[in-house]
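Novice: As input, take data-v3.cif (mmCIF, C-alpha atoms):
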```cif
data_structure
#
loop_
_atom_site.group_PDB
_atom_site.id
_atom_site.type_symbol
_atom_site.label_atom_id
_atom_site.label_comp_id
_atom_site.auth_asym_id
_atom_site.auth_seq_id
_atom_site.Cartn_x
_atom_site.Cartn_y
_atom_site.Cartn_z
ATOM 1 C CA ALA Q 584 125.153 13.737 14.861
ATOM 2 C CA SER Q 585 123.383 16.901 15.923
ATOM 3 C CA ARG Q 586 125.500 18.957 13.521
ATOM 4 C CA ALA Q 587 124.378 16.860 10.582
ATOM 5 C CA LEU Q 588 120.765 17.467 11.537
ATOM 6 C CA VAL Q 589 120.970 21.258 11.689
ATOM 7 C CA GLY Q 590 123.305 21.492 8.700
ATOM 8 C CA ASP Q 591 120.820 20.341 6.056
ATOM 9 C CA GLY Q 592 119.205 23.646 5.236
ATOM 10 C CA GLY Q 593 117.180 23.752 8.410
ATOM 11 C CA VAL Q 594 116.108 20.088 8.315
ATOM 12 C CA GLY Q 595 115.727 18.295 11.626
ATOM 13 C CA GLY Q 596 116.921 19.561 14.972
ATOM 14 C CA THR Q 597 118.116 18.555 18.414
ATOM 15 C CA ASN Q 598 116.156 17.666 21.487
ATOM 16 C CA SER Q 599 118.201 19.912 23.756
ATOM 17 C CA THR Q 600 117.424 23.603 23.952
ATOM 18 C CA GLY Q 601 120.203 24.689 26.316
ATOM 19 C CA PRO Q 602 122.250 27.863 25.766
ATOM 20 C CA SER Q 603 125.273 25.905 24.534
ATOM 21 C CA ASP Q 604 123.167 24.032 21.956
ATOM 22 C CA SER Q 605 121.583 27.285 20.792
ATOM 23 C CA ALA Q 606 125.001 28.887 20.384
ATOM 24 C CA PHE Q 607 126.246 25.800 18.572
ATOM 25 C CA GLU Q 608 123.308 25.890 16.176
ATOM 26 C CA THR Q 609 123.863 29.594 15.470
ATOM 27 C CA MET Q 610 127.546 29.005 14.795
ATOM 28 C CA ASP Q 611 126.633 26.082 12.568
ATOM 29 C CA LYS Q 612 124.347 28.332 10.493
ATOM 30 C CA LEU Q 613 127.011 31.028 10.182
ATOM 31 C CA THR Q 614 129.701 28.598 9.016
ATOM 32 C CA ARG Q 615 127.525 26.364 6.824
ATOM 33 C CA ASP Q 616 128.701 25.567 3.294
ATOM 34 C CA PRO Q 617 125.893 26.471 0.838
ATOM 35 C CA PHE Q 618 127.329 24.109 -1.775
ATOM 36 C CA LEU Q 619 127.132 21.000 0.412
ATOM 37 C CA SER Q 620 123.945 22.119 2.131
ATOM 38 C CA SER Q 621 122.219 22.615 -1.222
ATOM 39 C CA LYS Q 622 123.094 19.138 -2.444
ATOM 40 C CA ARG Q 623 122.232 17.495 0.866
ATOM 41 C CA THR Q 624 118.900 19.281 1.233
ATOM 42 C CA ALA Q 625 117.968 18.465 -2.374
ATOM 43 C CA GLN Q 626 118.679 14.800 -1.719
ATOM 44 C CA ILE Q 627 116.583 14.791 1.477
ATOM 45 C CA LEU Q 628 113.637 16.476 -0.257
ATOM 46 C CA GLN Q 629 113.895 14.081 -3.168
ATOM 47 C CA ASN Q 630 113.647 11.142 -0.772
ATOM 48 C CA GLU Q 631 110.660 12.725 0.986
ATOM 49 C CA ALA Q 632 108.784 13.587 -2.215
ATOM 50 C CA ASN Q 633 105.703 11.568 -3.145
ATOM 51 C CA ILE Q 634 104.782 10.252 -6.560
ATOM 52 C CA LEU Q 635 103.711 13.717 -7.750
ATOM 53 C CA GLY Q 636 106.978 15.258 -6.567
ATOM 54 C CA LYS Q 637 105.298 17.070 -3.684
ATOM 55 C CA VAL Q 638 106.695 17.526 -0.164
ATOM 56 C CA THR Q 639 105.273 18.922 3.034
ATOM 57 C CA SER Q 640 106.841 22.237 4.007
ATOM 58 C CA SER Q 641 107.630 23.368 7.540
ATOM 59 C CA THR Q 642 104.349 25.324 7.547
ATOM 60 C CA GLY Q 643 102.372 22.138 6.906
ATOM 61 C CA THR Q 644 101.395 22.971 3.323
ATOM 62 C CA GLU Q 645 102.121 20.766 0.335
ATOM 63 C CA THR Q 646 104.509 22.216 -2.212
ATOM 64 C CA THR Q 647 106.977 21.116 -4.851
ATOM 65 C CA ALA Q 648 110.391 19.856 -3.804
ATOM 66 C CA GLN Q 649 112.106 22.547 -5.887
ATOM 67 C CA ARG Q 650 110.161 25.379 -4.253
ATOM 68 C CA GLU Q 651 110.809 24.011 -0.775
ATOM 69 C CA LEU Q 652 114.497 23.659 -1.613
ATOM 70 C CA MET Q 653 114.665 27.302 -2.701
ATOM 71 C CA ARG Q 654 112.867 28.447 0.435
ATOM 72 C CA ARG Q 655 115.230 26.545 2.733
ATOM 73 C CA MET Q 656 118.335 27.572 0.811
ATOM 74 C CA PHE Q 657 117.381 31.244 0.985
ATOM 75 C CA SER Q 658 117.483 31.010 4.788
ATOM 76 C CA THR Q 659 120.689 28.987 4.613
ATOM 77 C CA CYS Q 660 122.415 31.505 2.331
ATOM 78 C CA LEU Q 661 121.272 34.437 4.469
ATOM 79 C CA TRP Q 662 123.006 32.954 7.500
ATOM 80 C CA ALA Q 663 126.066 31.718 5.617
ATOM 81 C CA ASN Q 664 126.660 35.110 3.939
ATOM 82 C CA ILE Q 665 126.512 37.199 7.128
ATOM 83 C CA ILE Q 666 130.202 36.837 8.026
ATOM 84 C CA PRO Q 667 131.736 37.498 4.555
ATOM 85 C CA PHE Q 668 129.440 40.440 3.809
ATOM 86 C CA LEU Q 669 129.932 41.945 7.271
ATOM 87 C CA ALA Q 670 133.699 41.552 6.954
ATOM 88 C CA GLU Q 671 133.676 43.262 3.541
ATOM 89 C CA LEU Q 672 131.475 46.071 4.834
ATOM 90 C CA THR Q 673 133.775 46.619 7.827
ATOM 91 C CA VAL Q 674 136.844 46.856 5.597
ATOM 92 C CA GLN Q 675 135.167 49.266 3.175
ATOM 93 C CA GLN Q 676 133.876 51.439 6.012
ATOM 94 C CA GLY Q 677 137.396 51.553 7.437
ATOM 95 C CA VAL Q 678 138.844 52.580 4.074
ATOM 96 C CA LEU Q 679 136.159 55.264 3.737
ATOM 97 C CA MET Q 680 136.896 56.653 7.210
ATOM 98 C CA TYR Q 681 140.640 56.631 6.520
ATOM 99 C CA GLY Q 682 140.217 58.435 3.214
ATOM 100 C CA TYR Q 683 137.988 61.126 4.691
ATOM 101 C CA GLY Q 684 140.276 61.492 7.699
ATOM 102 C CA VAL Q 685 143.403 61.953 5.582
ATOM 103 C CA TYR Q 686 141.638 64.473 3.341
ATOM 104 C CA TYR Q 687 140.308 66.433 6.328
ATOM 105 C CA LEU Q 688 143.652 66.573 8.146
ATOM 106 C CA GLU Q 689 145.489 67.586 4.981
ATOM 107 C CA LYS Q 690 142.983 70.361 4.309
ATOM 108 C CA LYS Q 691 143.306 71.625 7.897
ATOM 109 C CA ARG Q 692 147.084 71.591 7.570
ATOM 110 C CA ARG Q 693 146.944 73.657 4.380
ATOM 111 C CA MET Q 694 144.549 76.141 5.973
ATOM 112 C CA ARG Q 695 146.838 76.613 8.992
ATOM 113 C CA SER Q 696 149.847 76.998 6.710
ATOM 114 C CA ARG Q 697 148.054 79.605 4.580
ATOM 115 C CA GLU Q 698 146.903 81.550 7.651
ATOM 116 C CA HIS Q 699 150.431 81.489 9.050
ATOM 117 C CA ASN Q 700 151.896 82.799 5.791
ATOM 118 C CA GLN Q 701 149.275 85.544 5.624
ATOM 119 C CA LYS Q 702 150.080 86.573 9.181
ATOM 120 C CA LEU Q 703 153.797 86.790 8.443
ATOM 121 C CA ALA Q 704 153.143 88.833 5.311
ATOM 122 C CA GLY Q 705 150.920 91.192 7.307
ATOM 123 C CA ASP Q 706 153.558 91.723 9.991
ATOM 124 C CA LEU Q 707 156.239 92.567 7.435
ATOM 125 C CA ASP Q 708 154.088 94.960 5.441
ATOM 126 C CA LEU Q 709 153.621 98.006 7.721
ATOM 127 C CA GLU Q 710 151.734 100.010 5.164
ATOM 128 C CA GLU Q 711 149.181 97.251 4.639
ATOM 129 C CA GLU Q 712 148.865 96.869 8.394
ATOM 130 C CA SER Q 713 148.008 100.539 8.673
ATOM 131 C CA LYS Q 714 145.296 100.201 6.078
ATOM 132 C CA ASP Q 715 143.906 97.214 7.905
ATOM 133 C CA THR Q 716 143.692 99.298 11.083
ATOM 134 C CA GLU Q 717 141.731 102.023 9.327
ATOM 135 C CA THR Q 718 139.230 99.544 7.897
ATOM 136 C CA GLY Q 719 139.024 97.422 11.036
ATOM 137 C CA PRO Q 720 135.231 96.886 11.122
ATOM 138 C CA VAL Q 721 135.207 95.606 7.555
ATOM 139 C CA ASN Q 722 138.049 93.175 8.250
ATOM 140 C CA ASN Q 723 136.365 91.941 11.406
ATOM 141 C CA GLU Q 724 133.227 91.240 9.443
ATOM 142 C CA TRP Q 725 135.288 89.356 6.872
ATOM 143 C CA ASP Q 726 136.963 87.319 9.600
ATOM 144 C CA GLU Q 727 133.562 86.388 11.035
ATOM 145 C CA ASN Q 728 132.380 85.295 7.609
ATOM 146 C CA GLU Q 729 135.538 83.219 7.171
ATOM 147 C CA ASP Q 730 134.982 81.482 10.521
ATOM 148 C CA SER Q 731 131.385 80.823 9.543
ATOM 149 C CA ASP Q 732 132.552 79.312 6.251
ATOM 150 C CA LYS Q 733 134.878 76.984 8.178
ATOM 151 C CA VAL Q 734 132.008 75.771 10.348
ATOM 152 C CA VAL Q 735 129.803 75.228 7.294
ATOM 153 C CA HIS Q 736 132.641 73.406 5.553
ATOM 154 C CA GLU Q 737 133.149 71.039 8.486
ATOM 155 C CA SER Q 738 129.404 70.387 8.739
ATOM 156 C CA ALA Q 739 129.199 69.655 5.023
ATOM 157 C CA TYR Q 740 132.226 67.385 5.346
ATOM 158 C CA ALA Q 741 130.604 65.383 8.173
ATOM 159 C CA LEU Q 742 127.302 65.205 6.268
ATOM 160 C CA SER Q 743 129.069 63.960 3.154
ATOM 161 C CA PHE Q 744 130.793 61.217 5.142
ATOM 162 C CA PHE Q 745 127.477 60.208 6.731
ATOM 163 C CA PHE Q 746 125.747 59.902 3.358
ATOM 164 C CA GLN Q 747 128.615 57.928 1.826
ATOM 165 C CA SER Q 748 128.731 55.568 4.809
ATOM 166 C CA THR Q 749 124.945 55.071 4.756
ATOM 167 C CA ARG Q 750 124.954 54.496 1.006
ATOM 168 C CA LEU Q 751 127.682 51.879 1.380
ATOM 169 C CA SER Q 752 125.810 50.081 4.174
ATOM 170 C CA ILE Q 753 122.549 50.023 2.200
ATOM 171 C CA ALA Q 754 124.339 48.738 -0.898
ATOM 172 C CA LYS Q 755 125.953 45.918 1.071
ATOM 173 C CA CYS Q 756 122.669 44.951 2.755
ATOM 174 C CA LEU Q 757 120.922 44.795 -0.612
ATOM 175 C CA GLY Q 758 123.843 42.805 -2.001
ATOM 176 C CA TRP Q 759 123.604 40.369 0.917
ATOM 177 C CA ILE Q 760 119.881 39.775 0.328
ATOM 178 C CA SER Q 761 120.290 39.567 -3.443
ATOM 179 C CA ALA Q 762 123.189 37.123 -3.156
ATOM 180 C CA SER Q 763 121.120 34.910 -0.834
ATOM 181 C CA ALA Q 764 118.171 35.013 -3.230
ATOM 182 C CA GLY Q 765 120.501 34.167 -6.107
ATOM 183 C CA GLY Q 766 121.880 31.216 -4.158
ATOM 184 C CA ALA Q 767 118.341 29.977 -3.499
ATOM 185 C CA VAL Q 768 117.325 30.254 -7.173
ATOM 186 C CA GLY Q 769 120.568 28.633 -8.271
ATOM 187 C CA SER Q 770 119.970 25.747 -5.884
ATOM 188 C CA GLY Q 771 116.546 25.202 -7.396
ATOM 189 C CA ILE Q 772 118.065 25.039 -10.880
ATOM 190 C CA TYR Q 773 121.157 22.967 -10.099
ATOM 191 C CA PRO Q 774 121.831 22.024 -6.444
ATOM 192 C CA GLY Q 775 125.437 22.508 -5.468
ATOM 193 C CA TRP Q 776 127.196 24.673 -8.007
ATOM 194 C CA GLY Q 777 123.955 26.540 -8.690
ATOM 195 C CA ALA Q 778 124.066 27.896 -5.145
ATOM 196 C CA VAL Q 779 127.652 29.114 -5.624
ATOM 197 C CA PHE Q 780 127.114 30.790 -8.991
ATOM 198 C CA GLY Q 781 123.722 32.152 -7.996
ATOM 199 C CA THR Q 782 125.229 33.844 -4.943
ATOM 200 C CA GLN Q 783 127.949 35.481 -7.020
ATOM 201 C CA ILE Q 784 125.508 36.608 -9.721
ATOM 202 C CA GLY Q 785 123.103 38.099 -7.187
ATOM 203 C CA ASP Q 786 125.861 40.107 -5.519
ATOM 204 C CA THR Q 787 127.292 41.244 -8.861
ATOM 205 C CA VAL Q 788 123.916 42.447 -10.175
ATOM 206 C CA VAL Q 789 123.266 44.656 -7.136
ATOM 207 C CA GLY Q 790 126.833 45.953 -7.195
ATOM 208 C CA ALA Q 791 126.483 46.937 -10.848
ATOM 209 C CA LEU Q 792 123.148 48.670 -10.306
ATOM 210 C CA ILE Q 793 123.999 50.592 -7.106
ATOM 211 C CA GLU Q 794 127.748 51.068 -6.925
#
```
For this file, write the structure as structure tokens.
Specialist:
Amino acid sequence: ASRALVGDGGVGGTNSTGPSDSAFETMDKLTRDPFLSSKRTAQILQNEANILGKVTSSTGTETTAQRELMRRMFSTCLWANIIPFLAELTVQQGVLMYGYGVYYLEKKRRMRSREHNQKLAGDLDLEEESKDTETGPVNNEWDENEDSDKVVHESAYALSFFFQSTRLSIAKCLGWISASAGGAVGSGIYPGWGAVFGTQIGDTVVGALIE
């Protein structure tokens, strides 16, 4: 009975405020079905509406049933979309880390292979080795510049990964909010399927604009 109360878009509640009830309510919000919640909340608000179609919101103000439905469904969709959006973000972050890791390791392997080949060629070419000895200071300066380039390259690589990861996280957060807003607007237009299509449209719009 308590699940039915907290499952209607934030309508009603339980008398108990223990830790187990709080955890149960949080889990209920995370696993709530926006489709059923939208239809159920619309029906409840329709029954509560007066002759003018007005209802009393949770803040105590009088508003239309459609506006109150959208407000409640926005909160409902925010909670219900946390798990799928977080799961998608985790997978994409993992793929990004794997791709950068493979690229970095492959580049390091090629650099070590090239340095090894250059060392072998230098050992076999005695005349070139003699020239290198005569121009030692110049070569040392070149080696220092090469080491500096490696450090800069690794720093740029880490910075690039950080920016890509941050950009992905921001895009997913905006998509999460936009999808929830789309579900709320869709519920106001057509409770039930409107919440489903509105959520998908909101996520798609942000994905097209950012990604």
Novice: For Tyr773 in chain Q, list every protein, DNA or RNA residue within 12 Å, evaluated using all atoms listed in the file, and leave out those in the same chain fewer than 6 positions away; present the list as JSON, numbers by chain.
Specialist: {"Q": [618, 621, 622, 625, 626, 649, 652, 653, 765, 766, 767, 779, 780, 781]}
Novice: Could you write out that same residue set with C-alpha atoms as a compact mmCIF listing (two decimals), in the frame of the given file?
Specialist:
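This went into part_28.txt:
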```txt
# COMPACT_ATOMS: atom_id res chain seq x y z
CA PHE Q 618 127.33 24.11 -1.78
CA SER Q 621 122.22 22.62 -1.22
CA LYS Q 622 123.09 19.14 -2.44
CA ALA Q 625 117.97 18.46 -2.37
CA GLN Q 626 118.68 14.80 -1.72
CA GLN Q 649 112.11 22.55 -5.89
CA LEU Q 652 114.50 23.66 -1.61
CA MET Q 653 114.66 27.30 -2.70
CA GLY Q 765 120.50 34.17 -6.11
CA GLY Q 766 121.88 31.22 -4.16
CA ALA Q 767 118.34 29.98 -3.50
CA VAL Q 779 127.65 29.11 -5.62
CA PHE Q 780 127.11 30.79 -8.99
CA GLY Q 781 123.72 32.15 -8.00
```
Novice: Record the distance separating CA of Ala762 in chain Q and CA of Met656 in chain Q, expressed in Å with one decimal.
Specialist: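 Distance between the two atoms: 11.4 Å.
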Novice: Which residue gives the smallest distance to Thr614 in chain Q among Q:Ala663, Q:Leu751, Q:Ile627, Q:Ala648, with only C-alpha atoms counted?
Specialist: Q:Ala663
Novice: Find the distance between CA of Ile665 in chain Q and CA of Thr609 in chain Q and write it in Å to one decimal.
Specialist: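 One can read the CA of Ile665 in chain Q to CA of Thr609 in chain Q distance as 11.6 Å.
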Novice: For the file shown, report as a ChimeraX atom specification the outcome of the PyMOL selection byres ((chain Q and resi 668-682) around 9) at residue level.
Specialist: /Q:664-667,683-687,744,747-748,751-752,755-756,758-759
Novice: Could you check how far CA of Ser763 in chain Q sits from CA of Phe657 in chain Q, in Å to one decimal?
Specialist: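 According to the coordinates, CA of Ser763 in chain Q and CA of Phe657 in chain Q are separated by 5.5 Å.
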